[in-house]
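Asker: What follows is start_20.txt, made up of compact mmCIF, C-alpha atoms:
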# COMPACT_ATOMS: atom_id res chain seq x y z
CA MET Y 199 166.59 92.87 101.92
CA ALA Y 200 169.12 92.95 99.12
CA PRO Y 201 172.66 93.94 100.13
CA PRO Y 202 173.91 97.34 98.95
CA SER Y 203 175.47 97.39 95.51
CA SER Y 204 179.18 97.91 95.01
CA THR Y 205 178.47 101.34 93.46
CA THR Y 206 176.58 102.41 96.56
CA VAL Y 207 179.37 101.25 98.87
CA THR Y 208 181.98 103.05 96.72
CA ASN Y 209 179.99 106.28 96.95
CA GLN Y 210 179.75 105.86 100.70
CA GLU Y 211 183.51 105.41 101.00
CA SER Y 212 184.12 108.53 98.90
CA GLN Y 213 181.87 110.45 101.27
CA LEU Y 214 183.95 109.20 104.20
CA GLN Y 215 187.12 110.51 102.51
CA THR Y 216 185.71 114.05 102.56
CA LEU Y 217 184.17 113.71 106.03
CA ASN Y 218 184.92 116.60 108.34
CA PRO Y 219 186.21 116.33 111.03
CA THR Y 220 188.91 113.70 110.60
CA ILE Y 221 188.15 110.26 112.03
CA ILE Y 222 191.74 109.35 112.99
CA PRO Y 223 194.39 112.09 112.75
CA GLY Y 224 197.08 111.34 110.18
CA LEU Y 225 194.99 108.80 108.22
CA PRO Y 226 192.61 109.21 105.30
CA ASN Y 227 189.01 108.81 106.41
CA ASP Y 228 188.39 105.81 104.13
CA LEU Y 229 191.34 103.95 105.69
CA ALA Y 230 190.31 104.97 109.20
CA ALA Y 231 186.79 103.72 108.51
CA ILE Y 232 188.08 100.30 107.44
CA ILE Y 233 190.06 100.07 110.69
CA LEU Y 234 187.09 100.99 112.87
CA VAL Y 235 184.63 98.62 111.21
CA PHE Y 236 186.61 95.75 112.75
CA VAL Y 237 185.49 96.90 116.21
CA PRO Y 238 182.66 94.57 117.40
CA TYR Y 239 179.25 96.11 116.80
CA SER Y 240 178.27 95.83 120.46
CA HIS Y 241 180.96 98.41 121.36
CA HIS Y 242 179.83 101.05 118.86
CA SER Y 243 177.38 102.80 121.17
CA ARG Y 244 180.08 103.35 123.80
CA LEU Y 245 182.65 104.56 121.28
CA LYS Y 246 180.35 107.37 120.16
CA SER Y 247 181.32 109.32 123.26
CA ILE Y 248 185.06 109.35 122.39
CA CYS Y 249 184.90 112.39 120.15
CA LYS Y 250 182.65 114.21 117.70
CA SER Y 251 184.09 112.52 114.60
CA TRP Y 252 183.63 109.04 116.07
CA LYS Y 253 180.07 109.80 117.06
CA GLN Y 254 179.40 110.98 113.51
CA PHE Y 255 181.02 107.88 112.02
CA PHE Y 256 179.43 105.25 114.29
CA SER Y 257 176.03 106.96 113.81
CA SER Y 258 176.30 107.03 110.01
CA LYS Y 259 174.33 104.82 107.64
CA THR Y 260 177.55 103.50 106.08
CA ILE Y 261 178.81 101.51 109.06
CA ILE Y 262 176.61 98.44 108.42
CA SER Y 263 177.37 98.26 104.68
CA LEU Y 264 181.10 98.72 105.32
CA ARG Y 265 181.13 95.86 107.83
CA GLN Y 266 179.27 93.61 105.39
CA LYS Y 267 181.74 94.46 102.62
CA HIS Y 268 185.08 94.24 104.45
CA LEU Y 269 184.35 91.59 107.09
CA PRO Y 270 183.86 87.90 106.21
CA PRO Y 271 180.40 86.64 107.24
CA SER Y 272 181.95 84.41 109.89
CA THR Y 273 183.59 87.40 111.60
CA LEU Y 274 180.44 89.53 111.80
CA SER Y 275 179.28 89.88 115.39
CA PRO Y 276 176.67 87.23 116.30
CA LEU Y 277 174.30 89.13 118.56
CA LEU Y 278 171.27 88.28 120.63
CA CYS Y 279 168.39 90.77 120.62
CA ILE Y 280 166.42 90.66 123.89
CA PHE Y 281 163.04 92.27 124.52
CA PRO Y 282 162.72 92.25 128.34
CA GLN Y 283 159.09 93.42 128.33
CA ASP Y 284 156.66 95.57 126.35
CA PRO Y 285 158.87 97.06 123.58
CA LEU Y 286 156.54 100.06 123.35
CA ILE Y 287 157.85 101.32 126.70
CA ALA Y 288 161.07 99.38 127.36
CA SER Y 289 164.12 99.42 125.12
CA PRO Y 290 165.34 96.12 123.67
CA TYR Y 291 169.03 95.30 124.03
CA LEU Y 292 171.69 93.62 121.93
CA PHE Y 293 173.90 91.15 123.78
CA ASP Y 294 177.28 90.07 122.42
CA PRO Y 295 178.24 86.69 123.99
CA ARG Y 296 181.77 86.86 122.57
CA ASN Y 297 182.61 90.15 124.28
CA LEU Y 298 179.95 90.04 127.04
CA ALA Y 299 178.82 93.50 125.96
CA TRP Y 300 175.35 95.09 125.92
CA SER Y 301 174.01 97.77 123.60
CA PRO Y 302 170.55 99.42 123.82
CA LEU Y 303 168.12 99.93 120.96
CA PRO Y 304 165.39 102.60 120.86
CA PRO Y 305 161.83 101.60 121.88
CA MET Y 306 159.26 100.89 119.19
CA PRO Y 307 156.89 103.69 118.05
CA CYS Y 308 154.46 104.33 120.89
CA ASN Y 309 150.69 103.97 120.53
CA PRO Y 310 148.90 105.81 123.36
CA HIS Y 311 145.88 103.52 123.11
CA VAL Y 312 147.59 100.16 123.69
CA TYR Y 313 149.79 98.72 126.43
CA GLY Y 314 151.12 95.43 127.77
CA LEU Y 315 152.35 93.99 124.45
CA CYS Y 316 153.60 90.41 124.88
CA ASN Y 317 153.71 87.07 123.05
CA PHE Y 318 154.89 88.82 119.89
CA THR Y 319 157.53 87.35 117.57
CA SER Y 320 160.83 88.94 116.59
CA ILE Y 321 162.92 87.82 113.66
CA CYS Y 322 166.05 89.27 112.02
CA ILE Y 323 166.73 89.28 108.30
CA GLY Y 324 169.93 90.90 107.07
CA SER Y 325 170.38 94.17 108.92
CA HIS Y 326 166.69 94.47 109.80
CA LEU Y 327 164.77 93.44 112.91
CA TYR Y 328 161.07 92.58 112.57
CA VAL Y 329 158.50 92.62 115.39
CA LEU Y 330 155.21 90.95 114.47
CA GLY Y 331 151.84 90.60 116.21
CA GLY Y 332 151.42 89.85 119.88
CA SER Y 333 148.75 90.23 122.53
CA LEU Y 334 147.94 93.51 124.27
CA PHE Y 335 145.32 95.63 126.00
CA ASP Y 336 143.53 98.35 124.05
CA THR Y 337 141.87 101.24 125.85
CA ARG Y 338 139.40 101.57 122.97
CA SER Y 339 138.05 98.03 123.41
CA TYR Y 340 135.54 96.68 125.90
CA PRO Y 341 135.96 95.25 128.44
CA LEU Y 342 139.18 97.11 129.19
CA ASP Y 343 140.82 94.22 131.04
CA TYR Y 344 140.34 91.73 128.18
CA PRO Y 345 143.45 91.21 126.01
CA CYS Y 346 143.20 91.19 122.24
CA PRO Y 347 145.62 90.04 119.52
CA SER Y 348 147.61 92.52 117.48
CA SER Y 349 148.16 92.59 113.72
CA SER Y 350 150.86 95.28 113.80
CA ALA Y 351 154.24 94.80 112.17
CA PHE Y 352 157.35 96.90 112.77
CA ARG Y 353 160.86 96.87 111.33
CA PHE Y 354 164.04 98.28 112.81
CA ASP Y 355 166.75 99.31 110.34
CA PHE Y 356 170.24 99.10 111.87
CA GLY Y 357 171.54 101.26 109.04
CA THR Y 358 169.36 104.24 109.96
CA PHE Y 359 168.92 103.12 113.60
CA SER Y 360 165.18 103.79 113.43
CA TRP Y 361 161.83 101.99 113.45
CA GLU Y 362 159.23 101.97 110.70
CA THR Y 363 155.68 100.67 110.54
CA LEU Y 364 154.89 97.94 108.01
CA ALA Y 365 151.66 96.61 106.54
CA SER Y 366 149.53 94.90 109.19
CA MET Y 367 148.91 91.17 109.14
CA ILE Y 368 145.61 90.01 107.68
CA ASN Y 369 144.67 88.28 110.94
CA PRO Y 370 145.82 89.61 114.34
CA ARG Y 371 147.69 86.97 116.34
CA GLY Y 372 150.18 86.28 119.10
CA SER Y 373 152.04 83.13 120.22
CA PHE Y 374 152.44 81.87 116.64
CA ALA Y 375 154.96 79.96 114.53
CA CYS Y 376 157.20 82.17 112.41
CA ALA Y 377 160.18 81.69 110.09
CA ALA Y 378 161.90 83.41 107.17
CA THR Y 379 162.28 81.63 103.84
CA PRO Y 380 165.83 80.42 103.02
CA ASN Y 381 166.26 83.16 100.38
CA LEU Y 382 165.26 85.72 103.05
CA ASP Y 383 162.66 87.54 100.98
CA LYS Y 384 159.50 86.33 102.75
CA ILE Y 385 158.24 85.64 106.29
CA LEU Y 386 155.66 82.94 107.03
CA VAL Y 387 153.43 82.93 110.13
CA ALA Y 388 151.05 80.17 111.22
CA GLY Y 389 148.49 79.71 113.98
CA GLY Y 390 148.43 81.81 117.11
CA GLY Y 391 145.81 83.40 119.29
CA SER Y 392 145.07 86.17 121.77
CA ARG Y 393 146.55 84.71 124.97
CA HIS Y 394 148.24 87.21 127.28
CA THR Y 395 150.91 86.43 129.85
CA MET Y 396 148.66 87.80 132.60
CA PHE Y 397 146.10 85.07 131.90
CA GLY Y 398 147.82 81.69 131.76
CA ALA Y 399 145.02 79.58 130.28
CA ALA Y 400 142.70 81.93 128.43
CA GLY Y 401 142.54 83.46 124.99
CA SER Y 402 141.52 82.39 121.51
CA ARG Y 403 143.23 80.03 119.04
CA MET Y 404 143.41 80.19 115.28
CA SER Y 405 144.52 78.14 112.29
CA SER Y 406 145.17 80.79 109.64
CA VAL Y 407 148.50 81.02 107.79
CA GLU Y 408 149.87 83.96 105.84
CA MET Y 409 153.10 85.06 104.20
CA TYR Y 410 154.73 88.49 104.15
CA ASP Y 411 156.51 89.68 101.00
CA ILE Y 412 159.33 91.94 102.18
CA GLY Y 413 159.85 93.63 98.82
CA LYS Y 414 156.15 94.38 98.26
CA ASP Y 415 155.27 95.05 101.94
CA GLU Y 416 152.12 92.96 101.73
CA TRP Y 417 150.60 89.87 103.36
CA VAL Y 418 149.13 86.97 101.37
CA PRO Y 419 146.86 84.29 102.89
CA LEU Y 420 147.86 80.62 102.56
CA ASP Y 421 146.18 77.32 103.29
CA GLY Y 422 145.38 77.18 107.01
CA LEU Y 423 146.49 74.61 109.57
CA PRO Y 424 144.33 71.48 109.89
CA ARG Y 425 143.39 72.51 113.46
CA PHE Y 426 143.47 75.53 115.76
CA ARG Y 427 146.97 75.83 117.18
CA ALA Y 428 148.79 78.44 119.28
CA GLY Y 429 152.10 78.50 121.15
CA CYS Y 430 153.79 76.53 118.35
CA VAL Y 431 157.19 76.91 116.66
CA GLY Y 432 158.07 76.83 112.97
CA PHE Y 433 161.10 76.50 110.70
CA PHE Y 434 161.98 75.78 107.07
CA VAL Y 435 163.61 72.61 105.80
CA GLY Y 436 165.22 72.30 102.35
CA ASN Y 437 165.72 74.77 99.54
CA GLY Y 438 164.20 75.52 96.17
CA GLU Y 439 161.34 73.32 95.01
CA GLU Y 440 161.74 70.91 97.94
CA ARG Y 441 161.31 73.62 100.56
CA GLU Y 442 158.96 72.78 103.45
CA PHE Y 443 157.62 74.67 106.45
CA TRP Y 444 157.46 72.61 109.65
CA VAL Y 445 155.24 73.41 112.65
CA MET Y 446 155.78 71.69 116.02
CA GLY Y 447 153.95 71.56 119.31
CA GLY Y 448 151.56 74.18 120.61
CA TYR Y 449 148.16 73.87 122.21
CA GLY Y 450 144.64 73.74 120.85
CA GLU Y 451 141.46 73.11 122.78
CA SER Y 452 141.36 73.27 126.56
CA ARG Y 453 139.61 71.16 129.17
CA THR Y 454 138.65 71.97 132.73
CA VAL Y 455 139.72 70.31 135.95
CA SER Y 456 136.79 69.81 138.34
CA GLY Y 457 134.79 71.96 135.94
CA VAL Y 458 136.62 75.10 137.09
CA PHE Y 459 140.31 75.29 136.16
CA PRO Y 460 141.08 75.46 132.42
CA VAL Y 461 143.97 73.28 131.26
CA ASP Y 462 145.51 73.34 127.78
CA GLN Y 463 145.66 70.23 125.64
CA TYR Y 464 149.11 70.24 124.06
CA TYR Y 465 149.85 68.74 120.66
CA ARG Y 466 152.50 66.06 120.19
CA ASP Y 467 152.43 65.96 116.40
CA VAL Y 468 154.28 67.73 113.58
CA LEU Y 469 152.67 69.44 110.60
CA VAL Y 470 154.52 70.07 107.32
CA MET Y 471 153.54 72.48 104.55
CA GLU Y 472 154.91 71.49 101.14
CA MET Y 473 155.58 74.80 99.41
CA LYS Y 474 155.84 73.26 95.93
CA ASN Y 475 152.29 71.87 96.07
CA GLY Y 476 150.63 75.18 96.66
CA GLY Y 477 151.10 75.05 100.40
CA LYS Y 478 149.30 71.80 101.25
CA TRP Y 479 149.70 70.35 104.74
CA ARG Y 480 150.56 66.82 105.79
CA GLU Y 481 150.80 65.31 109.26
CA LEU Y 482 153.81 63.35 110.55
CA GLY Y 483 152.21 61.98 113.71
CA ASP Y 484 153.27 62.16 117.35
CA MET Y 485 156.86 62.87 118.41
CA TRP Y 486 156.57 60.92 121.69
CA GLU Y 487 154.39 58.32 123.36
CA GLU Y 488 151.62 59.02 125.84
CA GLY Y 489 153.05 59.82 129.26
CA GLU Y 490 156.61 60.38 128.03
CA ARG Y 491 156.36 64.15 128.49
CA TRP Y 492 153.66 66.71 129.07
CA LYS Y 493 154.42 69.14 126.25
CA LEU Y 494 157.13 70.30 123.87
CA GLY Y 495 160.00 72.11 125.60
CA LYS Y 496 161.82 75.18 124.37
CA ILE Y 497 162.93 74.74 120.76
CA VAL Y 498 165.89 76.22 118.85
CA VAL Y 499 167.01 75.60 115.28
CA VAL Y 500 170.67 75.56 114.18
CA GLU Y 501 170.88 76.38 110.47
CA ASP Y 502 174.63 76.92 110.16
CA GLY Y 503 175.37 73.34 109.15
CA PRO Y 504 176.26 72.26 105.61
CA SER Y 505 173.22 69.99 105.20
CA GLU Y 506 169.85 71.19 103.97
CA ALA Y 507 168.08 69.87 107.04
CA PRO Y 508 168.61 72.12 110.09
CA ALA Y 509 169.47 70.70 113.48
CA VAL Y 510 166.59 71.06 115.95
CA PHE Y 511 167.15 70.96 119.71
CA MET Y 512 164.81 71.03 122.70
CA LEU Y 513 165.47 72.06 126.30
CA ASP Y 514 163.28 70.12 128.72
CA ARG Y 515 163.78 69.86 132.49
CA GLY Y 516 167.52 70.44 132.47
CA ASP Y 517 168.20 68.14 129.50
CA ILE Y 518 168.80 68.97 125.84
CA PHE Y 519 167.30 66.68 123.22
CA SER Y 520 168.05 66.39 119.51
CA TYR Y 521 165.27 65.87 116.96
CA ILE Y 522 165.58 62.97 114.50
CA MET Y 523 163.56 63.89 111.41
CA ALA Y 524 163.69 60.41 109.88
CA SER Y 525 161.90 58.81 112.86
CA ASN Y 526 160.03 61.91 114.09
CA SER Y 527 161.43 61.41 117.60
CA TRP Y 528 163.72 62.97 120.19
CA ILE Y 529 166.93 61.56 121.66
CA LYS Y 530 168.87 62.94 124.60
CA GLU Y 531 171.86 65.01 123.55
CA THR Y 532 173.27 66.27 126.86
CA SER Y 533 172.39 67.71 130.29
CA LEU Y 534 173.03 71.15 131.74
CA PRO Y 535 176.22 71.22 133.84
CA ARG Y 536 174.49 73.56 136.29
CA LYS Y 537 170.84 72.92 137.07
CA THR Y 538 168.47 75.80 137.71
CA SER Y 539 166.05 76.20 140.59
CA ASP Y 540 163.35 77.65 138.30
CA GLU Y 541 163.42 75.54 135.15
CA SER Y 542 160.62 77.51 133.50
CA SER Y 543 162.51 80.84 133.58
CA VAL Y 544 165.42 79.84 131.35
CA GLY Y 545 166.41 81.40 128.05
CA PHE Y 546 167.32 79.02 125.22
CA VAL Y 547 168.69 80.29 121.89
CA ALA Y 548 170.91 79.11 119.05
CA LEU Y 549 173.68 81.56 118.19
CA ASP Y 550 176.64 81.06 115.86
CA GLY Y 551 176.04 77.29 115.69
CA GLU Y 552 176.00 76.89 119.47
CA LEU Y 553 173.24 76.47 122.05
CA HIS Y 554 173.03 79.16 124.73
CA VAL Y 555 171.17 78.47 127.98
CA MET Y 556 170.66 81.66 129.96
CA THR Y 557 169.51 82.05 133.55
CA HIS Y 558 170.13 84.24 136.56
CA LEU Y 559 173.05 83.36 138.72
CA ASN Y 560 170.94 83.31 141.87
CA GLY Y 561 168.71 80.73 140.21
CA VAL Y 562 171.50 78.19 139.71
CA LYS Y 563 171.91 75.24 142.05
CA SER Y 564 175.65 75.33 142.69
CA LYS Y 565 177.87 75.43 145.78
CA GLU Y 566 180.08 77.87 143.93
CA CYS Y 567 177.33 80.47 144.11
CA GLN Y 568 176.80 80.25 147.87
CA ARG Y 569 179.76 82.47 148.68
CA LEU Y 570 178.25 85.21 146.50
CA ARG Y 571 174.95 85.40 148.33
CA GLN Y 572 175.92 88.57 150.16
CA GLN Y 573 176.50 90.37 146.89
CA LYS Y 574 173.85 92.11 144.89
CA ARG Y 575 173.56 89.90 141.85
CA SER Y 576 169.92 90.02 140.80
CA ALA Y 577 171.04 91.24 137.36
CA THR Y 578 173.94 88.81 136.95
CA MET Y 579 173.27 86.20 134.28
CA LEU Y 580 174.89 82.84 133.72
CA VAL Y 581 175.27 81.71 130.11
CA GLN Y 582 175.98 78.01 129.58
CA ILE Y 583 177.10 77.35 126.00
CA TYR Y 584 177.01 73.95 124.30
CA HIS Y 585 178.71 73.14 121.00
CA PRO Y 586 176.80 70.29 119.26
CA ARG Y 587 179.74 69.26 117.06
CA THR Y 588 182.39 69.02 119.75
CA LYS Y 589 179.92 67.92 122.46
CA SER Y 590 181.55 70.38 124.85
CA TRP Y 591 180.30 72.94 127.37
CA ARG Y 592 181.65 76.28 128.51
CA SER Y 593 180.11 79.05 130.58
CA ALA Y 594 180.33 82.78 131.17
CA THR Y 595 178.71 85.33 133.46
CA THR Y 596 177.63 88.84 132.56
CA ARG Y 597 175.92 91.67 134.37
CA SER Y 598 172.82 92.64 132.44
CA PRO Y 599 171.70 96.28 132.08
CA PHE Y 600 168.24 95.52 133.49
CA HIS Y 601 167.33 96.78 136.94
CA HIS Y 602 165.39 93.63 137.74
CA PRO Y 603 165.85 89.92 136.97
CA LEU Y 604 164.91 89.13 133.40
CA ASP Y 605 161.85 86.91 133.15
CA PHE Y 606 162.70 84.46 130.36
CA LYS Y 607 159.15 83.08 130.44
CA THR Y 608 157.90 86.32 128.88
CA ALA Y 609 161.03 87.82 127.28
CA VAL Y 610 161.31 87.59 123.49
CA MET Y 611 164.68 86.87 121.85
CA CYS Y 612 166.12 86.51 118.36
CA THR Y 613 169.59 86.48 116.78
CA ILE Y 614 171.31 88.69 114.21
CA ARG Y 615 174.76 89.17 112.62
CA LEU Y 616 176.05 92.71 112.24
Would you mind writing the file out in structure tokens?

Answerer:
Amino acid sequence: MAPPSSTTVTNQESQLQTLNPTIIPGLPNDLAAIILVFVPYSHHSRLKSICKSWKQFFSSKTIISLRQKHLPPSTLSPLLCIFPQDPLIASPYLFDPRNLAWSPLPPMPCNPHVYGLCNFTSICIGSHLYVLGGSLFDTRSYPLDYPCPSSSAFRFDFGTFSWETLASMINPRGSFACAATPNLDKILVAGGGSRHTMFGAAGSRMSSVEMYDIGKDEWVPLDGLPRFRAGCVGFFVGNGEEREFWVMGGYGESRTVSGVFPVDQYYRDVLVMEMKNGGKWRELGDMWEEGERWKLGKIVVVEDGPSEAPAVFMLDRGDIFSYIMASNSWIKETSLPRKTSDESSVGFVALDGELHVMTHLNGVKSKECQRLRQQKRSATMLVQIYHPRTKSWRSATTRSPFHHPLDFKTAVMCTIRL
């Protein structure tokens, strides 16, 4: 989305000047607005209860554009958007790691015929949050207990604080690779399937690829993946004519153990789509040798660096690895200072150039936590933060707004600056 023009922002500020009631007594409203936009975004929802004028100001459409105009990009609040479960019935939350503050968002538009949405993808572009695809149950389908993929697309506008429905994807899918183009005007999705979190080794796979044009609100099919692939991750490398879309990991066909238990066959290779050649794919080969690891761990991409190539990191069994693009291999970067008892239920995100590892405090193996066992801390989260440039760790704890421990194996997360 294009940023608001200077004329639009000027008109918005003139409207603030004539706003009734007064925002801060003794100050013009335009000056008071500039002062208040420096308050971190995660605190806005709580400040609405101060008085009527503050509620009107922090609920206005101008707050986002004013922050983007008066605040340098580096000072905008880096926030983590967390979907704890089905966003049709449970509200997502914004988490501010700098201020350890939480802020709720409204649930997505409800469809009375579907439930149990999971394995969808969320991505933020500008001041908009996109929710794409997923797997769900549909009461209009048969059998009722068989999950099906979704083609729905939704967008949340932080300016209007409301959801809107977008054009549906050409092919319904969940558990797919997704990334926004560097110029932030298109979204590319690849692969996916119908797997639901309730069924660990079932569901379809697909190879189709399509691109969403944000300005036109339409999906365009592209050249498909060489093979069926779901559960993969994707990101862009380079800019302009040299731009490429990379797809890592995922699973394809499955085999059975003793002819009964289905087991996924995970991919070790990397696929690259060259955008300048009409979207043709090439294969880079395997990222590790046979027996080195079972599958790709949790992947995050740090794009804040000055180079065109982003930094890619993987969390695997308590260790963080860095991806070397030149050799198509992984090297160990560091290890978690505090190990977790359940390594599968760990959140891993890149935010503001740093790596955030999130888990519940009662899931951390540490003698420091033993004295807290008598306290109710099921909602207390530990955030371990690693800075790749300084090679340093720090940590923080926060009490989440959820009434039950957050399951990071099924929760969906993305980052945004507001």

Asker: Go ahead and compute the interatomic distance for atom CA of Y:Asp284 and atom CA of Y:Asn309, in Å to one decimal.

Answerer: 11.8 Å

Asker: How many Å lie between atom CA of Y:Ile614 and atom CA of Y:Gly448, rounded to one decimal?

Answerer: 25.3 Å

Asker: Could you list as a PyMOL selection string every residue that has an atom within 12 Å of (179.6, 71.5, 120.7), using the file's coordinates and counting all atoms listed in the file?

Answerer: chain Y and resi 500+531-532+548-554+582-592

Asker: Measure the distance from atom CA of Y:Thr273 to atom CA of Y:Met556 in Å and round it to one decimal.

Answerer: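 The value is 23.2 Å.
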
Asker: Could you name the residues that touch Y:Asp355 at 9 Å or less, counting all atoms listed in the file, but leaving out those on the same chain fewer than 4 positions away, as a PyMOL selection string?

Answerer: chain Y and resi 325-327+359-362

Asker: Would you be able to write out as a PyMOL selection string which residues have an atom within 9 Å of (140.2, 76.6, 105.2) in the file's coordinates, counting only C-alpha atoms?

Answerer: chain Y and resi 405-406+421-424

Asker: For a quick check of understanding, using all atoms listed in the file, which of Y:Met446, Y:Ala609, Y:Thr358, Y:Ser593 has the smallest distance to Y:Pro295?

Answerer: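 Of Y:Met446, Y:Ala609, Y:Thr358, Y:Ser593, the one nearest Y:Pro295 is Y:Ser593, counting all atoms listed in the file.
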